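In what follows, a structure is listed as structure tokens, so that the remarks can point back to it.
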Amino acid sequence: MAKKHTAEQRPYLFCIATLMRAMTPLRLLHVVHVLTVARLVSPEHYGRSTHVNDAECFDFVVVGGGTAGCVLANRLTEDEQTTVLLVEAGGDPPYESMFPGLFPAMAGSRVDKNYTSENDGRTQQCHRNRVANLTSGHMLGGSSGLNYMLYVRGGPSDYAHWAAAAADPTWAWPDVLPYFIKSERLEDPGLLNSPYKIYHGTNGYMGVAREHRSEINKFSEAVREMGHEVLLDVNGYRHLGFTNPLFNIADGVRQSAAYSFLAPIVHRKNLYILKNTLVTEVIFDEKNNAEGVKVKTQNGTILSLVARKEVVLSAGAFKSPQLLMLAGIGPRDHLEDLGIPVRSNLPVGLNYQDHVAVFMSIKMEESNAPSAPSNKHLFPLPTFVGYVALDKRQEHPDYQVVNFVVPHDSEFPFNLCAFGYWFDFDICHNLRNGGKGKTTLFSTLNILHPRSRGRVTLRSRDPEDPPVIHTGMFSDERDLDDLARYLEDHARIVNTTYFKSVGAEIVDLKLSMCRGLRAGSGQYWRCYARCMMNTMYHYAGTCALGGVLDSRLRVRGVRRLRVVDASVMPTLPGGNTHAPVLMIAEKAADFIKEEHRLFYNK
Ligand SMILES: Cc1cc2nc3c(=O)[nH]c(=O)nc-3n(C[C@H](O)[C@H](O)[C@H](O)COP(=O)(O)OP(=O)(O)OC[C@H]3O[C@@H](n4cnc5c(N)ncnc54)[C@H](O)[C@@H]3O)c2cc1C
């Protein structure tokens with residue numbers, strides 16, 4: 001006999017029944033994921049912020065709980081006798097950062113420190129504020145909590161440059177590859193059952209996987225027709241060609257460094273995490289030994305904290321050089337201008353590099369089919385990526401092209417153009433209107449080995465002031481010429497069979513700067529590149545190996561101080577920078593363990 005329910009129970013039962021009826025398997029999966037992610041953003045997940053007292057001692061103080069900082073905190077605390085304090089200016093990664101599909105909403109949010117470059121009158125002149133918006137993560141996990149999640153390593157020629165700059169062969173490909181593998185937990189069955197398996201790790205902390213979306217299949221033929229190879233993977237022994245990319249996404253969750261390296265080990269008794277706390281100064285003794293740091297906590301308390309063994313700066317390519325210069329480590333003339341006594345005269349802040357990116361949109365077939373609802377657990381769009389050399393005899397790529405297949409009338413390109421990249425609204429409206437009613441291919445090309453260099457300097461002696469950033473992009477005009485040639489090269493895709501069959505055309509952005517130039521001419525692409533240039537967010541090189549640092553990442557001229565983050569790169573790798581930063585931090589952890597004879601788990 002059916003059980004009778006009370007009047008109070010009935011509304012609840014009605015709600016449950018309605019929910020059950022609406023619950024398709026896909027929706028159920030969503031609910032499970034939402035609950036999982038909700039658990040991930042609970043305060044316990046990334047550990048509670050430590051209470052510290054003035055003059056408290058730790059073996060190591062790691063400054064910055066970003067990409068590199070989380071790896072170091074993990075690896076150094078593998079030795080149970082070693083205490084590590086990780087100090088992070090931001091807090092826990094927010095809920096939205098965990099969903100790969102929400103990455104476009106992260107730039108400009110509360111966890112973006114959003115540094116800006118100076119207006120040099122030459123670059124960013126088609127952007128609303130005429131400066132580069134240099135999005136930077138301000139949370140545990142740092143920029144890995146808001147980046148675009150592409151997992152790319154670069155190749156042997158990149159690390160041959162590093163080894164030469166460091167005068168140390170252990171920075172070459174054969175010696176860095178094991179550290180890429182060590183950090184990785186690959187979850188792609190296709191690759192794991194292929195000859196590429198030997199280039200990948202399955203026991204590391206960083207989840208890596210990829211999506212298999214049928215929308216990209218038709219493009220493989222097009223790029224083959226252009227003479228490119230289609231590869232299963234570009235992270236092993238082949239580095240030229242097009243591929244279905246790997247991402248730092250696994251189980252529908254962004255694999256930020258905080259999620260992958262920190263969350264699993266926050267219970268370790270020898271790890272102390274200080275959140276929402278800014279390191280304002282590195283403290284030295286009279287013999288130039290780094291002794292600890294001064295910090296400003298969330299409530300404004302100033303504390304001095306002691307590092308018995310070392311201070312490690314992992315504050316990223318803008319803030320690590322700033323902290324060094326504030327401590328008197330930097331170019332003599334600049335420090336003297338600000339009245340800072342010089343401790344070590346080094347080229348800190350010079351050698352700033354970034355990949356210059358420029359996008360192109362190609363309209364393809366007409367479509368009015370309803371778009372599938374977006375799934376927050378997936379990368380927002382089907383993607384395929386190419387690594388291209390103009391000289392076919394070359395073994396390393398000149399440019400990278402990241403292609404998104406955009407369903408008709410999606411707001412994605414407009415939002416990225418207007419709110420991610422800050423281009424003038426006219427340009428972004430032309431982008432939207434030019435592709436109306438059609439599927440589009442949104443391609444972002446970037447110059448992998450720019451010659452231009454910029455500079456990071458101090459604005460003042462106040463550690464809370466943002467540094468002054470001159471990106472230096474196109475200061476070497478050959479970069480502009482190269483980028484124009486890459487655009488011209490990629491544009492050939494419209495002449496391939498599939499693109500011709502759908503009457504594909506490059507969307508005319510009606511750039512007023514380029515009025516009067518014949519579309520498609522060399523001069524036009526040069527003008528297009530100048531106008532549509534942007535950062536690829538790969539800030540690097542400001543405390544470079546070989547210049548500022550010795551080959552084991554120790555700051556020259558002082559003791560017990562290291563830098564471990566993207567600023568140590570002497571040149572940019574031929575791909576994105578997140579995986580290389582993980583590799584740098586894994587390698588640095590071994591340097592430290594060797595030198596201090598810590599428990600060593602190779
Ligand atoms: C929008 C965007 C998209 C990107 N897309 C990709 C991509 O798809 N693939 C890829 O490989 N790379 C990508 N990158 C680049 C990559 O994410 C970075 O190169 C990498 O994460 C940098 O790591 P890091 O350790 O040097 O610095 P970060 O990860 O930025 O960490 C620095 C940390 O230090 C903290 N900090 C700074 N100063 C202080 C201080 N004084 N006291 C305490 N804490 C401090 C900051 O809050 C931050 O958490 C992207 C970057 C951005 C910004």
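Following the order of the structure tokens, chains are lettered A, B, ..., residues in each are numbered from 1, and ligands are numbered from 1.
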
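Every protein or nucleic acid residue with an atom no more than 7 Å from segment 103-113 of chain A, counting only C-alpha atoms and leaving out same-chain residues fewer than 4 positions away, appears here: Ser97, Thr135, Ser136, Gly137, His138, Met139, Leu146, Tyr148, Leu416 and Gly420 of chain A.
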
Contact residues around Asp168 of chain A with only C-alpha atoms at 7 Å, ignoring same-chain residues under 4 positions, as a list in words =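 Returned residues: Ala163, Ala164 and Ser551 of chain A.
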
From a DSSP calculation on the backbone, collect every residue of segment 293-367 of chain A in strand (DSSP E or B) and output the set as a ChimeraX atom specification.
-> /A:293-296,302-313,329-330,344-345,352-353,356-366

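Note that atom CA of Gly236 of chain A and atom CA of Lys593 of chain A are 27.9 Å apart.
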
From the list A:Leu483, A:Ala166, A:Met206, A:Leu582, which residue is nearest ligand 1 when using only C-alpha atoms and all ligand atoms?
-> A:Leu582

Which residues come within 8 Å of Asn235 of chain A, counting only C-alpha atoms, excluding same-chain residues fewer than 6 positions away, as a ChimeraX atom specification?
-> /A:152-155,199

Saved selection, atoms kept: C-alpha atoms, as an mmCIF file, in the first residue's frame:
```
data_model
loop_
_atom_site.group_PDB
_atom_site.id
_atom_site.type_symbol
_atom_site.label_atom_id
_atom_site.label_comp_id
_atom_site.auth_asym_id
_atom_site.auth_seq_id
_atom_site.Cartn_x
_atom_site.Cartn_y
_atom_site.Cartn_z
ATOM 1 C CA VAL A 152 52.860 22.977 -24.108
ATOM 2 C CA ARG A 153 56.543 22.435 -23.364
ATOM 3 C CA GLY A 154 58.556 23.889 -26.238
ATOM 4 C CA GLY A 155 61.349 21.848 -27.761
ATOM 5 C CA TYR A 199 57.460 11.445 -23.291
#
```

Which residue of A:Pro169, A:Gly541, A:Pro264, A:Pro382 approaches ligand 1 most closely, using only C-alpha atoms and all ligand atoms |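 Counting only C-alpha atoms and all ligand atoms, the residue closest to ligand 1 is A:Gly541.
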
Near segment 595-598 of chain A, within 12 Å and counting only C-alpha atoms, which residues show up once chain neighbours fewer than 4 positions away are dropped, as a PDB file with C-alpha atoms, in the first residue's frame?
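Output below, filename selection.pdb:
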```
ATOM      1  CA  ASP A  59      63.695  26.540   7.098  1.00  0.00           C
ATOM      2  CA  PHE A  60      62.491  28.023   3.803  1.00  0.00           C
ATOM      3  CA  ARG A  75      58.407  19.185  -3.108  1.00  0.00           C
ATOM      4  CA  LEU A  76      60.322  20.801  -0.225  1.00  0.00           C
ATOM      5  CA  THR A  77      57.903  19.510   2.403  1.00  0.00           C
ATOM      6  CA  GLU A  78      58.426  15.943   1.159  1.00  0.00           C
ATOM      7  CA  ASP A  79      61.233  16.046   3.715  1.00  0.00           C
ATOM      8  CA  GLU A  80      59.310  15.799   6.986  1.00  0.00           C
ATOM      9  CA  GLN A  81      62.081  17.506   8.959  1.00  0.00           C
ATOM     10  CA  THR A  82      61.977  20.636   6.783  1.00  0.00           C
ATOM     11  CA  THR A  83      59.579  23.482   7.495  1.00  0.00           C
ATOM     12  CA  ARG A 308      66.944  29.515   8.485  1.00  0.00           C
ATOM     13  CA  LYS A 309      68.081  28.128   5.133  1.00  0.00           C
ATOM     14  CA  GLU A 310      66.838  30.188   2.171  1.00  0.00           C
ATOM     15  CA  ARG A 552      71.184  26.844  -9.989  1.00  0.00           C
ATOM     16  CA  ARG A 554      70.841  31.555  -6.970  1.00  0.00           C
ATOM     17  CA  ARG A 560      70.660  32.183   0.508  1.00  0.00           C
ATOM     18  CA  ALA A 588      64.803  24.012  -8.509  1.00  0.00           C
ATOM     19  CA  ALA A 589      63.356  21.818  -5.748  1.00  0.00           C
ATOM     20  CA  ASP A 590      65.992  19.211  -6.561  1.00  0.00           C
ATOM     21  CA  PHE A 591      68.762  21.842  -6.506  1.00  0.00           C
ATOM     22  CA  LYS A 602      64.074  11.742  -7.773  1.00  0.00           C
TER      23      LYS A 602
END
```

note - atom CA of Pro467 of chain A and atom CA of Leu313 of chain A are separated by 16.1 Å

To one decimal place, how far is atom CA of Val388 of chain A from atom CA of Cys543 of chain A in Å?
-> 29.2 Å

With a distance cut-off of 10 Å and only C-alpha atoms, select the neighbouring residues of Ser475 of chain A, excluding the residue or stretch itself and same-chain residues fewer than 6 positions from it, and output the selection as a ChimeraX atom specification.
-> /A:122-123,451-454

Could you turn the residues from that selection into a file that holds N, CA and C atoms, as a compact mmCIF listing (two decimals), in the first residue's frame?
```
# COMPACT_ATOMS: atom_id res chain seq x y z
N ARG A 122 53.60 53.44 -29.46
CA ARG A 122 53.93 52.59 -30.61
C ARG A 122 53.06 51.33 -30.62
N THR A 123 52.89 50.75 -29.44
CA THR A 123 52.13 49.49 -29.37
C THR A 123 50.77 49.76 -28.72
N ARG A 451 62.53 39.08 -30.94
CA ARG A 451 63.85 39.66 -30.69
C ARG A 451 63.75 40.85 -29.74
N SER A 452 62.58 41.47 -29.68
CA SER A 452 62.40 42.67 -28.87
C SER A 452 62.52 42.33 -27.38
N ARG A 453 63.00 43.30 -26.64
CA ARG A 453 63.10 43.14 -25.18
C ARG A 453 62.48 44.37 -24.52
N GLY A 454 61.85 44.16 -23.36
CA GLY A 454 61.30 45.27 -22.60
C GLY A 454 62.01 45.38 -21.27
```

Leaving out segment 280-295 of chain A and any residue of its chain fewer than 6 positions from it, which residues lie within 7 Å of it when counting only C-alpha atoms, given as a list in words?
->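 Once the adjacent positions are removed, what remains is Ile302, Leu303, Ser304, Leu305, Val306, Ala307, Arg308, Glu310, Val311, Leu323, Ala327, Pro463, Val558, Arg559, Arg560 and Leu561 of chain A.
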
Would you output that residue set with N, CA and C atoms, as a CSV table (one decimal), in the first residue's frame?
```
chain,number,residue,atom,x,y,z
A,302,ILE,N,52.6,44.4,10.4
A,302,ILE,CA,53.9,44.1,9.8
A,302,ILE,C,54.7,43.1,10.6
A,303,LEU,N,55.2,42.0,10.0
A,303,LEU,CA,55.9,41.0,10.7
A,303,LEU,C,57.2,40.7,10.0
A,304,SER,N,58.2,40.4,10.8
A,304,SER,CA,59.5,39.9,10.2
A,304,SER,C,59.5,38.4,10.4
A,305,LEU,N,59.8,37.6,9.4
A,305,LEU,CA,59.8,36.1,9.5
A,305,LEU,C,61.2,35.6,9.0
A,306,VAL,N,61.6,34.6,9.7
A,306,VAL,CA,63.0,34.2,9.5
A,306,VAL,C,63.1,32.9,8.6
A,307,ALA,N,64.0,32.9,7.7
A,307,ALA,CA,64.3,31.7,6.9
A,307,ALA,C,65.7,31.2,7.3
A,308,ARG,N,65.7,30.0,8.0
A,308,ARG,CA,66.9,29.5,8.5
A,308,ARG,C,67.8,29.1,7.3
A,310,GLU,N,66.9,29.4,3.4
A,310,GLU,CA,66.8,30.2,2.2
A,310,GLU,C,65.5,30.9,2.1
A,311,VAL,N,65.6,32.0,1.3
A,311,VAL,CA,64.4,32.7,0.8
A,311,VAL,C,64.3,32.4,-0.7
A,323,LEU,N,61.0,42.9,-6.0
A,323,LEU,CA,61.5,42.7,-4.6
A,323,LEU,C,63.0,42.7,-4.6
A,327,ALA,N,65.5,45.5,-2.7
A,327,ALA,CA,66.6,45.0,-1.7
A,327,ALA,C,68.0,45.4,-2.2
A,463,PRO,N,56.8,49.1,-1.8
A,463,PRO,CA,56.5,47.7,-2.4
A,463,PRO,C,55.1,47.5,-2.8
A,558,VAL,N,74.8,37.7,-3.7
A,558,VAL,CA,74.3,37.6,-2.3
A,558,VAL,C,74.2,36.1,-2.0
A,559,ARG,N,73.8,35.7,-0.8
A,559,ARG,CA,73.7,34.3,-0.5
A,559,ARG,C,72.3,34.0,0.1
A,560,ARG,N,71.9,32.7,-0.1
A,560,ARG,CA,70.7,32.2,0.5
A,560,ARG,C,69.4,32.8,-0.1
A,561,LEU,N,69.5,33.2,-1.4
A,561,LEU,CA,68.4,33.8,-2.1
A,561,LEU,C,68.3,33.2,-3.5
```

Using DSSP on the backbone coordinates, identify the residues of segment 235-452 of chain A assigned to alpha helix (DSSP H); present them as an MDAnalysis selection string.
-> chainID A and resid 257 316:326 332:337 412:415 425:434

Please save C-alpha atoms of the selected residues as a PDB file, in the first residue's frame.
```pdb
ATOM      1  CA  ALA A 257      49.028  24.557  -9.403  1.00  0.00           C
ATOM      2  CA  GLY A 316      56.260  36.070 -10.969  1.00  0.00           C
ATOM      3  CA  ALA A 317      58.026  38.073 -13.690  1.00  0.00           C
ATOM      4  CA  PHE A 318      56.824  41.462 -12.383  1.00  0.00           C
ATOM      5  CA  LYS A 319      57.095  41.116  -8.621  1.00  0.00           C
ATOM      6  CA  SER A 320      60.230  38.990  -8.202  1.00  0.00           C
ATOM      7  CA  PRO A 321      62.392  41.655  -9.923  1.00  0.00           C
ATOM      8  CA  GLN A 322      60.607  44.357  -7.921  1.00  0.00           C
ATOM      9  CA  LEU A 323      61.496  42.653  -4.614  1.00  0.00           C
ATOM     10  CA  LEU A 324      65.099  42.205  -5.755  1.00  0.00           C
ATOM     11  CA  MET A 325      65.462  45.856  -6.742  1.00  0.00           C
ATOM     12  CA  LEU A 326      63.899  47.044  -3.494  1.00  0.00           C
ATOM     13  CA  ARG A 332      73.168  50.400 -10.333  1.00  0.00           C
ATOM     14  CA  ASP A 333      71.993  53.564 -12.142  1.00  0.00           C
ATOM     15  CA  HIS A 334      68.310  52.779 -11.609  1.00  0.00           C
ATOM     16  CA  LEU A 335      68.757  51.953  -7.913  1.00  0.00           C
ATOM     17  CA  GLU A 336      70.860  55.055  -7.309  1.00  0.00           C
ATOM     18  CA  ASP A 337      68.206  57.229  -8.988  1.00  0.00           C
ATOM     19  CA  PHE A 412      32.897  34.570 -27.401  1.00  0.00           C
ATOM     20  CA  PRO A 413      35.015  36.494 -29.973  1.00  0.00           C
ATOM     21  CA  PHE A 414      33.365  39.820 -29.135  1.00  0.00           C
ATOM     22  CA  ASN A 415      33.865  39.328 -25.406  1.00  0.00           C
ATOM     23  CA  PHE A 425      34.769  48.752 -29.479  1.00  0.00           C
ATOM     24  CA  ASP A 426      34.500  49.616 -33.211  1.00  0.00           C
ATOM     25  CA  ILE A 427      36.929  46.813 -34.028  1.00  0.00           C
ATOM     26  CA  CYS A 428      35.092  44.310 -31.837  1.00  0.00           C
ATOM     27  CA  HIS A 429      31.713  45.267 -33.334  1.00  0.00           C
ATOM     28  CA  ASN A 430      33.167  44.775 -36.820  1.00  0.00           C
ATOM     29  CA  LEU A 431      34.447  41.378 -35.674  1.00  0.00           C
ATOM     30  CA  ARG A 432      30.975  40.418 -34.454  1.00  0.00           C
ATOM     31  CA  ASN A 433      29.051  41.803 -37.423  1.00  0.00           C
ATOM     32  CA  GLY A 434      31.541  40.463 -39.976  1.00  0.00           C
TER      33      GLY A 434
END
```

Kindly indicate which residue among A:Ala132, A:Leu186, A:Ala389, A:Ala68 lies nearest to Asp251 of chain A, using only C-alpha atoms for the distances.
->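 Under the stated criterion, the closest residue is A:Leu186.
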
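Among the candidates A:Val87, A:Leu517, A:Leu572, A:Ala222, the one nearest to Ala540 of chain A when counting only C-alpha atoms is A:Leu572.
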
I'd like the neighbourhood of Tyr528 of chain A as a CSV table (one decimal) with C-alpha atoms, in the first residue's frame, where a residue qualifies if any of its atoms comes within 9 Å (using only C-alpha atoms), though same-chain residues fewer than 3 positions away should be ignored.
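File written: selection.csv
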```csv
chain,number,residue,atom,x,y,z
A,358,VAL,CA,47.5,38.8,-33.0
A,484,ALA,CA,53.1,40.1,-40.9
A,487,LEU,CA,49.6,36.3,-40.9
A,511,LEU,CA,40.9,49.0,-39.2
A,513,MET,CA,44.8,52.7,-39.1
A,514,CYS,CA,45.1,50.5,-42.3
A,523,GLN,CA,51.9,46.2,-46.1
A,524,TYR,CA,48.4,45.5,-45.0
A,525,TRP,CA,49.4,42.6,-42.8
A,531,CYS,CA,47.1,47.5,-34.8
A,532,MET,CA,45.9,44.0,-33.6
A,533,MET,CA,48.9,43.1,-31.5
```

Per residue of segment 497-521 of chain A within 12 Å of segment 362-369 of chain A, which atom pair is closest and at what distance in Å (one decimal), using only C-alpha atoms, listed by chain and increasing number, as a Markdown table?
```
| residue | atom | partner | partner_atom | distance |
| --- | --- | --- | --- | --- |
| A:Tyr498 | CA | A:Met364 | CA | 9.4 |
| A:Phe499 | CA | A:Met364 | CA | 6.8 |
| A:Lys500 | CA | A:Met364 | CA | 9.0 |
| A:Ser501 | CA | A:Glu365 | CA | 8.7 |
| A:Val502 | CA | A:Glu365 | CA | 5.1 |
| A:Gly503 | CA | A:Met364 | CA | 6.5 |
| A:Ala504 | CA | A:Met364 | CA | 4.5 |
| A:Glu505 | CA | A:Lys363 | CA | 5.5 |
| A:Ile506 | CA | A:Ile362 | CA | 4.3 |
| A:Val507 | CA | A:Ile362 | CA | 5.5 |
| A:Asp508 | CA | A:Ile362 | CA | 9.1 |
| A:Leu509 | CA | A:Ile362 | CA | 10.9 |
```
